[in-house]
Amino acid sequence: MEEKTERLIVGLGNPEAGYADTRHNLGFACVGELAKRLGVRIDRKRWQSLVGHSEARGVWLILPQTYMNLSGEAVAKAIKDIHVPPQQVWVVYDELDLPLCRMRIRVGGSGAGHNGVKSLIASLGTDEFVRFRIGIGKPATKGSRPGVHYVLGRFTKVEAARVPKVIDGVASALELALEAGVERAMDSYNRPGALGCEELP
């Protein structure tokens, strides 16, 4: 029997309950939804993360508990133990450059100002991992440091109404990628309307 390649799916976010419903923790929420669907509990403490594993699917689900800007340290420890190539590391995170209700799946690229992704690139020594970038939109007002306050803020009422659809759609995209490959998931989800909710201007 050929050995199944293990995959590592990382949700980016910040630990502690106070961050739970913030825009920056959308990655945690989506990987949490995938875990439910796979019947996996993400409750083991390992690699400075909360970890779950599906033996049947050969999938590790990881939520780094290091705070966002040190996420790479946790993921590097996991990779060292499991020996997965970068292409089998899938990272799910919030993206300011995409509107809410839009997702883009891609391989490689810069951190584009996202501290979690920058930390991953630095710690792994490569940018060749798969990204599931989930749009959270940009703040309406231009301030001096809107990004930080915005990503650590909670969704507005109008946005919050759309978030369950977003989480559901991203989890479905991850399932499709597991079953049929990342290319297939890109074809289905890298387009407007794929998450089933209306984008906010």
# chains A, B, ... in the order shown; residues from 1 in each chain; ligands from 1
call {"tool": "closest_atom_pairs", "arguments": {"of": "region 83-143 of chain A", "to": "region 164-182 of chain A", "cutoff": "12 Å", "atoms": "only C-alpha atoms", "output": "tab-separated table"}}
result
residue	atom	partner	partner_atom	distance
A:Gln87	CA	A:Val182	CA	9.9
A:Gln88	CA	A:Val182	CA	9.8
A:Val89	CA	A:Val182	CA	11.3
A:Trp90	CA	A:Leu174	CA	9.0
A:Val91	CA	A:Leu174	CA	10.4
A:Val92	CA	A:Val170	CA	8.8
A:Tyr93	CA	A:Val170	CA	10.3
A:Asp94	CA	A:Val166	CA	11.2
A:Pro99	CA	A:Val166	CA	11.3
A:Leu100	CA	A:Val166	CA	8.0
A:Cys101	CA	A:Val166	CA	5.8
A:Arg102	CA	A:Val166	CA	8.0
A:Met103	CA	A:Val170	CA	7.7
A:Arg104	CA	A:Val170	CA	10.0
A:Ile105	CA	A:Val182	CA	8.1
A:Arg106	CA	A:Val182	CA	8.7
A:Val107	CA	A:Val182	CA	9.3
A:Phe129	CA	A:Val182	CA	11.3
A:Val130	CA	A:Val182	CA	8.3
A:Arg131	CA	A:Val182	CA	10.0
A:Phe132	CA	A:Val170	CA	8.0
A:Arg133	CA	A:Val170	CA	9.3
A:Ile134	CA	A:Val170	CA	7.8
A:Gly135	CA	A:Val166	CA	9.1
A:Ile136	CA	A:Val166	CA	10.0
call {"tool": "residues_around", "arguments": {"residues": "Gly52 (chain A)", "least_positions_apart": "3", "cutoff": "7 Å", "atoms": "only C-alpha atoms", "output": "PyMOL selection string"}}
result
chain A and resi 40-44+60-62
call {"tool": "closest_atom_pairs", "arguments": {"of": "region 94-145 of chain A", "to": "region 64-83 of chain A", "cutoff": "9 Å", "atoms": "only C-alpha atoms", "output": "JSON lines"}}
result
{"residue": "A:His114", "atom": "CA", "partner": "A:Asn69", "partner_atom": "CA", "distance": 8.5}
{"residue": "A:Asn115", "atom": "CA", "partner": "A:Asn69", "partner_atom": "CA", "distance": 4.9}
{"residue": "A:Gly116", "atom": "CA", "partner": "A:Asn69", "partner_atom": "CA", "distance": 4.9}
{"residue": "A:Val117", "atom": "CA", "partner": "A:Gly72", "partner_atom": "CA", "distance": 7.6}
{"residue": "A:Lys118", "atom": "CA", "partner": "A:Asn69", "partner_atom": "CA", "distance": 7.7}
{"residue": "A:Ser119", "atom": "CA", "partner": "A:Gly72", "partner_atom": "CA", "distance": 4.7}
{"residue": "A:Leu120", "atom": "CA", "partner": "A:Gly72", "partner_atom": "CA", "distance": 3.8}
{"residue": "A:Ile121", "atom": "CA", "partner": "A:Gly72", "partner_atom": "CA", "distance": 7.2}
{"residue": "A:Ala122", "atom": "CA", "partner": "A:Gly72", "partner_atom": "CA", "distance": 7.2}
{"residue": "A:Ser123", "atom": "CA", "partner": "A:Gly72", "partner_atom": "CA", "distance": 5.1}
{"residue": "A:Leu124", "atom": "CA", "partner": "A:Ala76", "partner_atom": "CA", "distance": 5.9}
call {"tool": "residues_around", "arguments": {"residues": "Lys138 (chain A)", "least_positions_apart": "3", "cutoff": "8 Å", "atoms": "only C-alpha atoms", "output": "PyMOL selection string"}}
result
chain A and resi 96-99+147+150
call {"tool": "write_last_selection", "arguments": {"atoms": "N, CA, C and O atoms", "output": "short mmCIF file (atom, residue, chain, number, x, y, z; two decimals), in the first residue's frame"}}
result
data_model
loop_
_atom_site.label_atom_id
_atom_site.label_comp_id
_atom_site.auth_asym_id
_atom_site.auth_seq_id
_atom_site.Cartn_x
_atom_site.Cartn_y
_atom_site.Cartn_z
N LEU A 96 -7.06 41.57 3.78
CA LEU A 96 -7.58 42.94 3.63
C LEU A 96 -7.84 43.32 2.17
O LEU A 96 -8.68 44.15 1.87
N ASP A 97 -7.07 42.74 1.25
CA ASP A 97 -7.16 43.16 -0.16
C ASP A 97 -8.30 42.52 -0.93
O ASP A 97 -8.43 42.72 -2.13
N LEU A 98 -9.10 41.72 -0.26
CA LEU A 98 -10.27 41.12 -0.91
C LEU A 98 -11.53 41.53 -0.16
O LEU A 98 -11.50 41.64 1.07
N PRO A 99 -12.63 41.73 -0.86
CA PRO A 99 -13.88 42.08 -0.16
C PRO A 99 -14.42 40.89 0.63
O PRO A 99 -14.12 39.74 0.31
N GLY A 147 -5.31 49.52 9.67
CA GLY A 147 -5.21 48.07 9.50
C GLY A 147 -5.28 47.30 10.80
O GLY A 147 -6.08 46.40 10.97
N TYR A 150 -8.57 47.63 12.63
CA TYR A 150 -9.61 47.01 11.81
C TYR A 150 -9.57 45.48 11.93
O TYR A 150 -10.58 44.85 12.21
#
call {"tool": "closest_residue", "arguments": {"among": "A:Arg7, A:Arg37, A:Arg46, A:His149", "to": "Thr22 (chain A)", "atoms": "only C-alpha atoms"}}
result
A:His149
call {"tool": "atom_distance", "arguments": {"atom1": "CA of Leu34 (chain A)", "atom2": "CA of Glu6 (chain A)"}}
result
16.2 Å
call {"tool": "closest_residue", "arguments": {"among": "A:Val51, A:Gly39, A:Leu63, A:Val151", "to": "Val10 (chain A)", "atoms": "only C-alpha atoms"}}
result
A:Leu63
call {"tool": "closest_residue", "arguments": {"among": "A:Leu50, A:Ala112, A:Gly193, A:Leu200", "to": "Ala140 (chain A)", "atoms": "only C-alpha atoms"}}
result
A:Leu200
call {"tool": "select_by_dssp", "arguments": {"residues": "chain A", "states": "alpha helix (DSSP H)", "output": "tab-separated table (two decimals) with C-alpha atoms, in the first residue's frame"}}
result
chain	number	residue	atom	x	y	z
A	26	LEU	CA	-11.45	34.10	10.50
A	27	GLY	CA	-8.78	31.49	9.70
A	28	PHE	CA	-9.35	29.81	13.08
A	29	ALA	CA	-13.11	29.79	12.51
A	30	CYS	CA	-12.89	28.21	9.04
A	31	VAL	CA	-10.49	25.47	10.10
A	32	GLY	CA	-12.73	24.86	13.12
A	33	GLU	CA	-15.68	24.32	10.78
A	34	LEU	CA	-13.64	21.92	8.64
A	35	ALA	CA	-12.71	19.99	11.79
A	36	LYS	CA	-16.41	19.57	12.64
A	37	ARG	CA	-17.11	18.20	9.17
A	38	LEU	CA	-14.18	15.77	9.38
A	71	SER	CA	2.69	31.68	13.79
A	72	GLY	CA	5.60	30.49	11.66
A	73	GLU	CA	7.51	29.21	14.71
A	74	ALA	CA	4.67	26.86	15.61
A	75	VAL	CA	4.16	25.65	12.03
A	76	ALA	CA	7.90	25.07	11.54
A	77	LYS	CA	7.90	22.72	14.57
A	78	ALA	CA	4.96	20.77	13.14
A	79	ILE	CA	6.60	20.45	9.71
A	80	LYS	CA	9.83	19.22	11.27
A	81	ASP	CA	7.93	16.44	13.06
A	82	ILE	CA	5.55	15.42	10.28
A	115	ASN	CA	2.10	39.33	9.90
A	116	GLY	CA	1.10	35.69	10.21
A	117	VAL	CA	2.06	34.96	6.61
A	118	LYS	CA	5.30	36.95	6.89
A	119	SER	CA	6.19	34.86	9.96
A	120	LEU	CA	5.48	31.64	8.05
A	121	ILE	CA	7.67	32.65	5.10
A	122	ALA	CA	10.50	33.60	7.48
A	123	SER	CA	10.26	30.43	9.60
A	124	LEU	CA	9.74	27.97	6.75
A	146	PRO	CA	-6.43	51.56	10.35
A	147	GLY	CA	-5.21	48.07	9.50
A	148	VAL	CA	-4.35	46.97	13.03
A	149	HIS	CA	-7.51	48.28	14.67
A	150	TYR	CA	-9.61	47.01	11.81
A	151	VAL	CA	-8.35	43.42	11.73
A	157	LYS	CA	-23.88	43.78	11.97
A	158	VAL	CA	-24.13	43.76	8.19
A	159	GLU	CA	-20.85	41.86	7.87
A	160	ALA	CA	-21.65	39.45	10.69
A	161	ALA	CA	-24.79	38.34	8.87
A	162	ARG	CA	-22.56	37.14	6.00
A	163	VAL	CA	-19.82	35.50	8.06
A	164	PRO	CA	-21.52	32.09	8.54
A	165	LYS	CA	-21.81	31.77	4.74
A	166	VAL	CA	-18.14	32.69	4.37
A	167	ILE	CA	-17.01	30.12	6.96
A	168	ASP	CA	-19.25	27.49	5.39
A	169	GLY	CA	-17.94	28.23	1.88
A	170	VAL	CA	-14.27	28.19	2.90
A	171	ALA	CA	-14.73	24.86	4.70
A	172	SER	CA	-16.38	23.48	1.54
A	173	ALA	CA	-13.44	24.73	-0.55
A	174	LEU	CA	-11.01	22.99	1.81
A	175	GLU	CA	-13.04	19.77	1.55
A	176	LEU	CA	-13.02	19.99	-2.24
A	177	ALA	CA	-9.25	20.59	-2.23
A	178	LEU	CA	-8.78	17.51	-0.03
A	179	GLU	CA	-10.95	15.36	-2.28
A	180	ALA	CA	-10.09	16.64	-5.75
A	182	VAL	CA	-6.06	22.40	-4.93
A	183	GLU	CA	-6.37	23.20	-8.67
A	184	ARG	CA	-9.96	22.05	-8.67
A	185	ALA	CA	-10.74	24.17	-5.61
A	186	MET	CA	-9.15	27.18	-7.34
A	187	ASP	CA	-11.35	26.66	-10.42
A	188	SER	CA	-14.48	26.52	-8.30
A	189	TYR	CA	-13.78	29.19	-5.68
call {"tool": "select_by_dssp", "arguments": {"residues": "region 16-70 of chain A", "states": "strand (DSSP E)", "output": "VMD selection string"}}
result
chain A and resid 44 to 46 49 to 54 59 to 64
call {"tool": "atom_distance", "arguments": {"atom1": "CA of Ala17 (chain A)", "atom2": "CA of Gly153 (chain A)"}}
result
13.4 Å
